[in-house]
Amino acid sequence: AIAGLYPPASTVKPFLAAAAVEEGLFQRDTRLYTDGRLVVPNPYDPDNPTILHDWRNHGTISMIDAIALSSNVYFFTVGGGYNGREGLGSRRMQHYLSSFGIGSATSVGLWGEQEGALPGDEPAWRIGDTYNMSIGQGGLLVTPLQMARAVLALANHGVLREPYIVEKEEDVSSLRRVPIRAEALDVAREGMREAVRRGTAQGVADIPIPVAAKTGTAEFG
């Protein structure tokens, strides 16, 4: 939980959705035709573009749908832009993900905790790196505890709490607020609730309290 480093994969999508709404680039009802793939032109060999595939063709979907159904193509566009639509870009993705504590150690105080890795706009960075980052892959690495802290900030309407170990019950947790408006955070929350109702997280729909969730499956190589 504190020392294992893993690509977060699609679990970053709700955070990037909130960031894109905060930046005014997308709204909860912004609809895109996803076509099951995104074609990146190759300026050196126009006959051989790079094709980034989705896990299925979702057709025309909204931001809420894209979170619930985990559309890669939609979030490729959120992160890197496509067909004239501006995306967040690597630096803004880095800024907003870091504001949720992604890529940084917690305050849990246990020996051996890893910080993770949050790349962005390094030397030789290419648009493909931005697209990879927008679905939580590439060089992005987190610990499970980091992701628990980040998701809790969504549940807490933007209040980021630090985990800590205590000998007795007392509230000494440090707090800070994520710099994202409530309306933008609500898009992430609604999309995660819909993921349980009708999307990729229906496996937890039988829990006897209302829950929200986001799945993530990373690829290697």
# chains A, B, ... in the order shown; residues from 1 in each chain; ligands from 1
call {"tool": "residues_around", "arguments": {"residues": "Ala9 of chain A", "least_positions_apart": "2", "cutoff": "6 Å", "atoms": "only C-alpha atoms", "output": "list in words"}}
result
Pro7, Thr11, Ile135, Gly136, Gln137, Gly216, Thr217 and Ala218 of chain A
call {"tool": "closest_atom_pairs", "arguments": {"of": "segment 84-121 of chain A", "to": "segment 13-20 of chain A", "cutoff": "12 Å", "atoms": "only C-alpha atoms", "output": "CSV"}}
result
residue,atom,partner,partner_atom,distance
A:Arg85,CA,A:Ala20,CA,11.9
A:Glu86,CA,A:Ala20,CA,9.9
A:Gly87,CA,A:Ala20,CA,7.7
A:Leu88,CA,A:Ala20,CA,6.5
A:Gly89,CA,A:Ala20,CA,10.2
A:Ser90,CA,A:Leu16,CA,11.0
A:Arg91,CA,A:Ala19,CA,11.8
A:Arg92,CA,A:Ala19,CA,8.2
A:Met93,CA,A:Leu16,CA,6.8
A:Gln94,CA,A:Leu16,CA,9.8
A:His95,CA,A:Ala19,CA,9.3
A:Tyr96,CA,A:Ala19,CA,6.3
A:Leu97,CA,A:Phe15,CA,6.9
A:Ser98,CA,A:Phe15,CA,10.3
A:Ser99,CA,A:Phe15,CA,9.9
A:Phe100,CA,A:Phe15,CA,8.2
A:Gly101,CA,A:Phe15,CA,11.2
A:Ile102,CA,A:Phe15,CA,10.1
call {"tool": "write_last_selection", "arguments": {"atoms": "C-alpha atoms", "output": "PDB file, in the first residue's frame"}}
result
ATOM      1  CA  ARG A  85     -10.311  20.854 -29.626  1.00  0.00           C
ATOM      2  CA  GLU A  86      -7.848  22.008 -26.977  1.00  0.00           C
ATOM      3  CA  GLY A  87      -6.798  19.577 -24.264  1.00  0.00           C
ATOM      4  CA  LEU A  88      -5.247  20.147 -20.863  1.00  0.00           C
ATOM      5  CA  GLY A  89      -1.703  19.358 -21.995  1.00  0.00           C
ATOM      6  CA  SER A  90       0.943  17.707 -19.869  1.00  0.00           C
ATOM      7  CA  ARG A  91       1.720  20.667 -17.607  1.00  0.00           C
ATOM      8  CA  ARG A  92      -1.871  21.295 -16.573  1.00  0.00           C
ATOM      9  CA  MET A  93      -2.451  17.572 -16.059  1.00  0.00           C
ATOM     10  CA  GLN A  94       0.660  17.513 -13.888  1.00  0.00           C
ATOM     11  CA  HIS A  95      -0.576  20.534 -11.910  1.00  0.00           C
ATOM     12  CA  TYR A  96      -4.032  19.173 -11.184  1.00  0.00           C
ATOM     13  CA  LEU A  97      -2.965  15.604 -10.457  1.00  0.00           C
ATOM     14  CA  SER A  98      -0.324  16.863  -8.035  1.00  0.00           C
ATOM     15  CA  SER A  99      -2.946  18.992  -6.281  1.00  0.00           C
ATOM     16  CA  PHE A 100      -4.681  15.718  -5.369  1.00  0.00           C
ATOM     17  CA  GLY A 101      -1.391  14.369  -3.997  1.00  0.00           C
ATOM     18  CA  ILE A 102      -0.771  12.057  -6.938  1.00  0.00           C
TER      19      ILE A 102
END
call {"tool": "atom_distance", "arguments": {"atom1": "atom CA of Glu113 of chain A", "atom2": "atom CA of Ile2 of chain A"}}
result
4.8 Å
call {"tool": "closest_atom_pairs", "arguments": {"of": "segment 147-220 of chain A", "to": "segment 62-77 of chain A", "cutoff": "7 Å", "atoms": "only C-alpha atoms", "output": "CSV"}}
result
residue,atom,partner,partner_atom,distance
A:Val187,CA,A:Ile64,CA,6.8
A:Glu190,CA,A:Ile64,CA,6.8
A:Gly191,CA,A:Ile64,CA,4.6
A:Met192,CA,A:Ala68,CA,6.0
A:Glu194,CA,A:Ala68,CA,5.3
A:Ala195,CA,A:Ala68,CA,3.8
A:Gly199,CA,A:Ala68,CA,4.7
A:Thr200,CA,A:Leu69,CA,5.7
call {"tool": "select_by_dssp", "arguments": {"residues": "chain A", "states": "helix (DSSP H, G or I)", "output": "ChimeraX atom specification"}}
result
/A:9-22,63-69,72-80,89-99,127-133,144-155,182-198,202-204
call {"tool": "write_last_selection", "arguments": {"atoms": "C-alpha atoms", "output": "PDB file, in the first residue's frame"}}
result
ATOM      1  CA  ALA A   9      -4.500   3.758 -15.481  1.00  0.00           C
ATOM      2  CA  SER A  10      -8.092   4.924 -15.905  1.00  0.00           C
ATOM      3  CA  THR A  11      -8.521   5.782 -12.234  1.00  0.00           C
ATOM      4  CA  VAL A  12      -7.065   9.221 -13.128  1.00  0.00           C
ATOM      5  CA  LYS A  13      -9.943  10.036 -15.484  1.00  0.00           C
ATOM      6  CA  PRO A  14     -12.289  11.597 -12.893  1.00  0.00           C
ATOM      7  CA  PHE A  15      -9.504  13.929 -11.735  1.00  0.00           C
ATOM      8  CA  LEU A  16      -8.740  15.022 -15.290  1.00  0.00           C
ATOM      9  CA  ALA A  17     -12.450  15.475 -15.977  1.00  0.00           C
ATOM     10  CA  ALA A  18     -12.684  17.868 -13.025  1.00  0.00           C
ATOM     11  CA  ALA A  19      -9.552  19.677 -14.234  1.00  0.00           C
ATOM     12  CA  ALA A  20     -10.924  20.097 -17.774  1.00  0.00           C
ATOM     13  CA  VAL A  21     -14.201  21.510 -16.436  1.00  0.00           C
ATOM     14  CA  GLU A  22     -12.293  23.821 -14.075  1.00  0.00           C
ATOM     15  CA  MET A  63     -18.161  13.608 -20.098  1.00  0.00           C
ATOM     16  CA  ILE A  64     -20.315  11.726 -17.570  1.00  0.00           C
ATOM     17  CA  ASP A  65     -20.600   8.792 -19.998  1.00  0.00           C
ATOM     18  CA  ALA A  66     -16.849   8.861 -20.624  1.00  0.00           C
ATOM     19  CA  ILE A  67     -16.088   8.458 -16.920  1.00  0.00           C
ATOM     20  CA  ALA A  68     -18.760   5.808 -16.395  1.00  0.00           C
ATOM     21  CA  LEU A  69     -17.787   3.784 -19.461  1.00  0.00           C
ATOM     22  CA  ASN A  72      -9.919   6.190 -23.661  1.00  0.00           C
ATOM     23  CA  VAL A  73     -10.542   8.254 -26.794  1.00  0.00           C
ATOM     24  CA  TYR A  74     -12.582  10.825 -24.887  1.00  0.00           C
ATOM     25  CA  PHE A  75      -9.806  11.238 -22.342  1.00  0.00           C
ATOM     26  CA  PHE A  76      -7.082  11.253 -24.979  1.00  0.00           C
ATOM     27  CA  THR A  77      -8.901  14.394 -26.172  1.00  0.00           C
ATOM     28  CA  VAL A  78      -9.286  15.765 -22.638  1.00  0.00           C
ATOM     29  CA  GLY A  79      -5.548  15.377 -22.067  1.00  0.00           C
ATOM     30  CA  GLY A  80      -3.947  16.061 -25.421  1.00  0.00           C
ATOM     31  CA  GLY A  89      -1.703  19.358 -21.995  1.00  0.00           C
ATOM     32  CA  SER A  90       0.943  17.707 -19.869  1.00  0.00           C
ATOM     33  CA  ARG A  91       1.720  20.667 -17.607  1.00  0.00           C
ATOM     34  CA  ARG A  92      -1.871  21.295 -16.573  1.00  0.00           C
ATOM     35  CA  MET A  93      -2.451  17.572 -16.059  1.00  0.00           C
ATOM     36  CA  GLN A  94       0.660  17.513 -13.888  1.00  0.00           C
ATOM     37  CA  HIS A  95      -0.576  20.534 -11.910  1.00  0.00           C
ATOM     38  CA  TYR A  96      -4.032  19.173 -11.184  1.00  0.00           C
ATOM     39  CA  LEU A  97      -2.965  15.604 -10.457  1.00  0.00           C
ATOM     40  CA  SER A  98      -0.324  16.863  -8.035  1.00  0.00           C
ATOM     41  CA  SER A  99      -2.946  18.992  -6.281  1.00  0.00           C
ATOM     42  CA  ILE A 127       2.045  14.141 -28.037  1.00  0.00           C
ATOM     43  CA  GLY A 128       1.897  10.368 -27.568  1.00  0.00           C
ATOM     44  CA  ASP A 129       3.315  10.824 -24.071  1.00  0.00           C
ATOM     45  CA  THR A 130       0.540  13.319 -23.329  1.00  0.00           C
ATOM     46  CA  TYR A 131      -2.090  10.865 -24.598  1.00  0.00           C
ATOM     47  CA  ASN A 132      -0.585   8.088 -22.464  1.00  0.00           C
ATOM     48  CA  MET A 133      -0.623  10.336 -19.407  1.00  0.00           C
ATOM     49  CA  PRO A 144      -2.397   2.567  -3.489  1.00  0.00           C
ATOM     50  CA  LEU A 145      -2.382   4.863  -0.431  1.00  0.00           C
ATOM     51  CA  GLN A 146      -1.804   7.904  -2.656  1.00  0.00           C
ATOM     52  CA  MET A 147      -4.818   6.977  -4.756  1.00  0.00           C
ATOM     53  CA  ALA A 148      -6.941   6.385  -1.662  1.00  0.00           C
ATOM     54  CA  ARG A 149      -6.000   9.883  -0.452  1.00  0.00           C
ATOM     55  CA  ALA A 150      -6.840  11.377  -3.855  1.00  0.00           C
ATOM     56  CA  VAL A 151     -10.224   9.650  -4.181  1.00  0.00           C
ATOM     57  CA  LEU A 152     -11.115  10.658  -0.631  1.00  0.00           C
ATOM     58  CA  ALA A 153     -10.598  14.285  -1.689  1.00  0.00           C
ATOM     59  CA  LEU A 154     -13.280  13.789  -4.359  1.00  0.00           C
ATOM     60  CA  ALA A 155     -15.601  12.253  -1.774  1.00  0.00           C
ATOM     61  CA  ALA A 182     -17.357  22.371  -6.490  1.00  0.00           C
ATOM     62  CA  GLU A 183     -19.189  22.200  -9.839  1.00  0.00           C
ATOM     63  CA  ALA A 184     -16.128  20.674 -11.509  1.00  0.00           C
ATOM     64  CA  LEU A 185     -15.615  18.155  -8.706  1.00  0.00           C
ATOM     65  CA  ASP A 186     -19.285  17.197  -8.969  1.00  0.00           C
ATOM     66  CA  VAL A 187     -18.731  16.086 -12.572  1.00  0.00           C
ATOM     67  CA  ALA A 188     -16.109  13.592 -11.376  1.00  0.00           C
ATOM     68  CA  ARG A 189     -18.368  12.434  -8.536  1.00  0.00           C
ATOM     69  CA  GLU A 190     -21.383  11.987 -10.821  1.00  0.00           C
ATOM     70  CA  GLY A 191     -19.358  10.089 -13.408  1.00  0.00           C
ATOM     71  CA  MET A 192     -18.061   7.702 -10.748  1.00  0.00           C
ATOM     72  CA  ARG A 193     -21.576   7.143  -9.411  1.00  0.00           C
ATOM     73  CA  GLU A 194     -22.754   6.343 -12.947  1.00  0.00           C
ATOM     74  CA  ALA A 195     -19.836   3.912 -13.336  1.00  0.00           C
ATOM     75  CA  VAL A 196     -21.464   1.845 -10.582  1.00  0.00           C
ATOM     76  CA  ARG A 197     -25.008   2.244 -11.885  1.00  0.00           C
ATOM     77  CA  ARG A 198     -24.369   1.445 -15.547  1.00  0.00           C
ATOM     78  CA  GLN A 202     -21.137  -2.387 -11.691  1.00  0.00           C
ATOM     79  CA  GLY A 203     -19.337  -5.133  -9.773  1.00  0.00           C
ATOM     80  CA  VAL A 204     -19.787  -3.092  -6.570  1.00  0.00           C
TER      81      VAL A 204
END
call {"tool": "closest_residue", "arguments": {"among": "A:Asp29, A:Asp54, A:Val211, A:Gly4", "to": "Gly112 of chain A", "atoms": "only C-alpha atoms"}}
result
A:Gly4
call {"tool": "closest_residue", "arguments": {"among": "A:Thr106, A:Arg28, A:Gly138, A:Ile180", "to": "Glu219 of chain A", "atoms": "only C-alpha atoms"}}
result
A:Gly138
call {"tool": "atom_distance", "arguments": {"atom1": "atom CA of Asn57 of chain A", "atom2": "atom CA of Asp35 of chain A"}}
result
5.4 Å
call {"tool": "closest_residue", "arguments": {"among": "A:Val39, A:Ala117, A:Trp55, A:Asn48", "to": "Asn83 of chain A", "atoms": "only C-alpha atoms"}}
result
A:Val39
call {"tool": "residues_around", "arguments": {"residues": "Arg176 of chain A", "least_positions_apart": "4", "cutoff": "9 Å", "atoms": "only C-alpha atoms", "output": "list in words"}}
result
Gly158, Val159, Leu160, Arg161 and Glu162 of chain A
call {"tool": "select_by_dssp", "arguments": {"residues": "segment 33-190 of chain A", "states": "strand (DSSP E)", "output": "PDB file with N, CA, C and O atoms, in the first residue's frame"}}
result
ATOM      1  N   TYR A  33     -17.688  12.457 -30.541  1.00  0.00           N
ATOM      2  CA  TYR A  33     -17.777  11.184 -31.254  1.00  0.00           C
ATOM      3  C   TYR A  33     -16.427  10.498 -31.149  1.00  0.00           C
ATOM      4  O   TYR A  33     -15.413  11.029 -31.614  1.00  0.00           O
ATOM      5  N   ARG A  37     -11.212   4.848 -31.699  1.00  0.00           N
ATOM      6  CA  ARG A  37      -9.777   5.027 -31.901  1.00  0.00           C
ATOM      7  C   ARG A  37      -9.466   6.496 -32.135  1.00  0.00           C
ATOM      8  O   ARG A  37     -10.361   7.294 -32.472  1.00  0.00           O
ATOM      9  N   LEU A  38      -8.201   6.848 -31.939  1.00  0.00           N
ATOM     10  CA  LEU A  38      -7.729   8.190 -32.225  1.00  0.00           C
ATOM     11  C   LEU A  38      -6.517   8.058 -33.142  1.00  0.00           C
ATOM     12  O   LEU A  38      -5.591   7.295 -32.840  1.00  0.00           O
ATOM     13  N   VAL A  39      -6.535   8.759 -34.252  1.00  0.00           N
ATOM     14  CA  VAL A  39      -5.468   8.643 -35.256  1.00  0.00           C
ATOM     15  C   VAL A  39      -4.538   9.847 -35.141  1.00  0.00           C
ATOM     16  O   VAL A  39      -4.962  10.987 -35.319  1.00  0.00           O
ATOM     17  N   VAL A  40      -3.275   9.578 -34.839  1.00  0.00           N
ATOM     18  CA  VAL A  40      -2.279  10.642 -34.691  1.00  0.00           C
ATOM     19  C   VAL A  40      -1.436  10.698 -35.956  1.00  0.00           C
ATOM     20  O   VAL A  40      -0.725   9.743 -36.278  1.00  0.00           O
ATOM     21  N   THR A  50      -0.038   6.902 -36.235  1.00  0.00           N
ATOM     22  CA  THR A  50      -0.175   6.116 -35.016  1.00  0.00           C
ATOM     23  C   THR A  50      -1.651   6.034 -34.651  1.00  0.00           C
ATOM     24  O   THR A  50      -2.340   7.061 -34.629  1.00  0.00           O
ATOM     25  N   ILE A  51      -2.134   4.839 -34.384  1.00  0.00           N
ATOM     26  CA  ILE A  51      -3.541   4.656 -34.029  1.00  0.00           C
ATOM     27  C   ILE A  51      -3.627   4.208 -32.576  1.00  0.00           C
ATOM     28  O   ILE A  51      -3.083   3.172 -32.190  1.00  0.00           O
ATOM     29  N   LEU A  52      -4.291   5.024 -31.759  1.00  0.00           N
ATOM     30  CA  LEU A  52      -4.506   4.708 -30.348  1.00  0.00           C
ATOM     31  C   LEU A  52      -5.922   4.166 -30.189  1.00  0.00           C
ATOM     32  O   LEU A  52      -6.895   4.854 -30.487  1.00  0.00           O
ATOM     33  N   HIS A  53      -6.034   2.948 -29.708  1.00  0.00           N
ATOM     34  CA  HIS A  53      -7.327   2.274 -29.672  1.00  0.00           C
ATOM     35  C   HIS A  53      -8.019   2.441 -28.322  1.00  0.00           C
ATOM     36  O   HIS A  53      -7.379   2.521 -27.275  1.00  0.00           O
ATOM     37  N   THR A  60     -20.928   8.454 -29.750  1.00  0.00           N
ATOM     38  CA  THR A  60     -21.023   9.819 -29.232  1.00  0.00           C
ATOM     39  C   THR A  60     -21.406   9.774 -27.758  1.00  0.00           C
ATOM     40  O   THR A  60     -22.449   9.229 -27.393  1.00  0.00           O
ATOM     41  N   ILE A  61     -20.549  10.338 -26.907  1.00  0.00           N
ATOM     42  CA  ILE A  61     -20.763  10.266 -25.459  1.00  0.00           C
ATOM     43  C   ILE A  61     -20.430  11.604 -24.803  1.00  0.00           C
ATOM     44  O   ILE A  61     -19.700  12.423 -25.355  1.00  0.00           O
ATOM     45  N   VAL A 159     -11.614  18.482  -0.149  1.00  0.00           N
ATOM     46  CA  VAL A 159     -10.758  18.576   1.036  1.00  0.00           C
ATOM     47  C   VAL A 159      -9.807  17.377   1.049  1.00  0.00           C
ATOM     48  O   VAL A 159     -10.250  16.228   1.105  1.00  0.00           O
ATOM     49  N   LEU A 160      -8.509  17.660   0.981  1.00  0.00           N
ATOM     50  CA  LEU A 160      -7.496  16.604   0.938  1.00  0.00           C
ATOM     51  C   LEU A 160      -6.988  16.351   2.354  1.00  0.00           C
ATOM     52  O   LEU A 160      -6.409  17.233   2.993  1.00  0.00           O
ATOM     53  N   ARG A 161      -7.217  15.149   2.860  1.00  0.00           N
ATOM     54  CA  ARG A 161      -6.768  14.762   4.193  1.00  0.00           C
ATOM     55  C   ARG A 161      -5.514  13.891   4.082  1.00  0.00           C
ATOM     56  O   ARG A 161      -5.409  13.071   3.185  1.00  0.00           O
ATOM     57  N   LEU A 175      -5.064  19.295   6.716  1.00  0.00           N
ATOM     58  CA  LEU A 175      -6.044  19.473   5.646  1.00  0.00           C
ATOM     59  C   LEU A 175      -5.568  20.533   4.667  1.00  0.00           C
ATOM     60  O   LEU A 175      -4.917  21.500   5.045  1.00  0.00           O
ATOM     61  N   ARG A 176      -5.893  20.341   3.406  1.00  0.00           N
ATOM     62  CA  ARG A 176      -5.769  21.414   2.435  1.00  0.00           C
ATOM     63  C   ARG A 176      -6.840  21.210   1.386  1.00  0.00           C
ATOM     64  O   ARG A 176      -7.410  20.124   1.264  1.00  0.00           O
ATOM     65  N   ARG A 177      -7.149  22.238   0.637  1.00  0.00           N
ATOM     66  CA  ARG A 177      -8.226  22.156  -0.326  1.00  0.00           C
ATOM     67  C   ARG A 177      -7.674  22.121  -1.743  1.00  0.00           C
ATOM     68  O   ARG A 177      -6.763  22.891  -2.087  1.00  0.00           O
TER      69      ARG A 177
END
call {"tool": "atom_distance", "arguments": {"atom1": "atom CA of Gln114 of chain A", "atom2": "atom CA of Asn156 of chain A"}}
result
24.5 Å
call {"tool": "decode", "arguments": {"residues": "segment 16-30 of chain A", "atoms": "N, CA, C and O atoms", "output": "PDB file, in the first residue's frame"}}
result
ATOM      1  N   LEU A  16      -8.970  14.233 -14.083  1.00  0.00           N
ATOM      2  CA  LEU A  16      -8.740  15.022 -15.290  1.00  0.00           C
ATOM      3  C   LEU A  16     -10.041  15.613 -15.817  1.00  0.00           C
ATOM      4  O   LEU A  16     -10.042  16.706 -16.397  1.00  0.00           O
ATOM      5  N   ALA A  17     -11.143  14.912 -15.611  1.00  0.00           N
ATOM      6  CA  ALA A  17     -12.450  15.475 -15.977  1.00  0.00           C
ATOM      7  C   ALA A  17     -12.710  16.747 -15.179  1.00  0.00           C
ATOM      8  O   ALA A  17     -13.101  17.788 -15.732  1.00  0.00           O
ATOM      9  N   ALA A  18     -12.492  16.686 -13.869  1.00  0.00           N
ATOM     10  CA  ALA A  18     -12.684  17.868 -13.025  1.00  0.00           C
ATOM     11  C   ALA A  18     -11.756  18.999 -13.460  1.00  0.00           C
ATOM     12  O   ALA A  18     -12.164  20.170 -13.504  1.00  0.00           O
ATOM     13  N   ALA A  19     -10.512  18.665 -13.797  1.00  0.00           N
ATOM     14  CA  ALA A  19      -9.552  19.677 -14.234  1.00  0.00           C
ATOM     15  C   ALA A  19      -9.998  20.343 -15.532  1.00  0.00           C
ATOM     16  O   ALA A  19      -9.904  21.567 -15.682  1.00  0.00           O
ATOM     17  N   ALA A  20     -10.496  19.550 -16.485  1.00  0.00           N
ATOM     18  CA  ALA A  20     -10.924  20.097 -17.774  1.00  0.00           C
ATOM     19  C   ALA A  20     -12.137  21.006 -17.619  1.00  0.00           C
ATOM     20  O   ALA A  20     -12.250  22.030 -18.308  1.00  0.00           O
ATOM     21  N   VAL A  21     -13.047  20.646 -16.710  1.00  0.00           N
ATOM     22  CA  VAL A  21     -14.201  21.510 -16.436  1.00  0.00           C
ATOM     23  C   VAL A  21     -13.742  22.785 -15.733  1.00  0.00           C
ATOM     24  O   VAL A  21     -14.197  23.889 -16.054  1.00  0.00           O
ATOM     25  N   GLU A  22     -12.831  22.649 -14.771  1.00  0.00           N
ATOM     26  CA  GLU A  22     -12.293  23.821 -14.075  1.00  0.00           C
ATOM     27  C   GLU A  22     -11.642  24.797 -15.050  1.00  0.00           C
ATOM     28  O   GLU A  22     -11.778  26.025 -14.899  1.00  0.00           O
ATOM     29  N   GLU A  23     -10.953  24.279 -16.065  1.00  0.00           N
ATOM     30  CA  GLU A  23     -10.268  25.120 -17.043  1.00  0.00           C
ATOM     31  C   GLU A  23     -11.199  25.660 -18.126  1.00  0.00           C
ATOM     32  O   GLU A  23     -10.766  26.431 -18.980  1.00  0.00           O
ATOM     33  N   GLY A  24     -12.457  25.241 -18.117  1.00  0.00           N
ATOM     34  CA  GLY A  24     -13.404  25.709 -19.120  1.00  0.00           C
ATOM     35  C   GLY A  24     -13.257  25.066 -20.485  1.00  0.00           C
ATOM     36  O   GLY A  24     -13.818  25.558 -21.468  1.00  0.00           O
ATOM     37  N   LEU A  25     -12.524  23.956 -20.557  1.00  0.00           N
ATOM     38  CA  LEU A  25     -12.305  23.280 -21.838  1.00  0.00           C
ATOM     39  C   LEU A  25     -13.437  22.310 -22.171  1.00  0.00           C
ATOM     40  O   LEU A  25     -13.719  22.058 -23.346  1.00  0.00           O
ATOM     41  N   PHE A  26     -14.058  21.740 -21.153  1.00  0.00           N
ATOM     42  CA  PHE A  26     -15.148  20.787 -21.303  1.00  0.00           C
ATOM     43  C   PHE A  26     -16.215  21.117 -20.266  1.00  0.00           C
ATOM     44  O   PHE A  26     -15.940  21.777 -19.262  1.00  0.00           O
ATOM     45  N   GLN A  27     -17.435  20.629 -20.520  1.00  0.00           N
ATOM     46  CA  GLN A  27     -18.520  20.685 -19.547  1.00  0.00           C
ATOM     47  C   GLN A  27     -19.022  19.268 -19.325  1.00  0.00           C
ATOM     48  O   GLN A  27     -18.675  18.355 -20.073  1.00  0.00           O
ATOM     49  N   ARG A  28     -19.869  19.086 -18.319  1.00  0.00           N
ATOM     50  CA  ARG A  28     -20.366  17.739 -18.016  1.00  0.00           C
ATOM     51  C   ARG A  28     -21.098  17.137 -19.209  1.00  0.00           C
ATOM     52  O   ARG A  28     -21.095  15.930 -19.400  1.00  0.00           O
ATOM     53  N   ASP A  29     -21.726  18.007 -20.041  1.00  0.00           N
ATOM     54  CA  ASP A  29     -22.510  17.523 -21.174  1.00  0.00           C
ATOM     55  C   ASP A  29     -21.787  17.641 -22.511  1.00  0.00           C
ATOM     56  O   ASP A  29     -22.402  17.438 -23.565  1.00  0.00           O
ATOM     57  N   THR A  30     -20.502  17.972 -22.496  1.00  0.00           N
ATOM     58  CA  THR A  30     -19.744  18.050 -23.746  1.00  0.00           C
ATOM     59  C   THR A  30     -19.698  16.675 -24.395  1.00  0.00           C
ATOM     60  O   THR A  30     -19.228  15.705 -23.809  1.00  0.00           O
TER      61      THR A  30
END
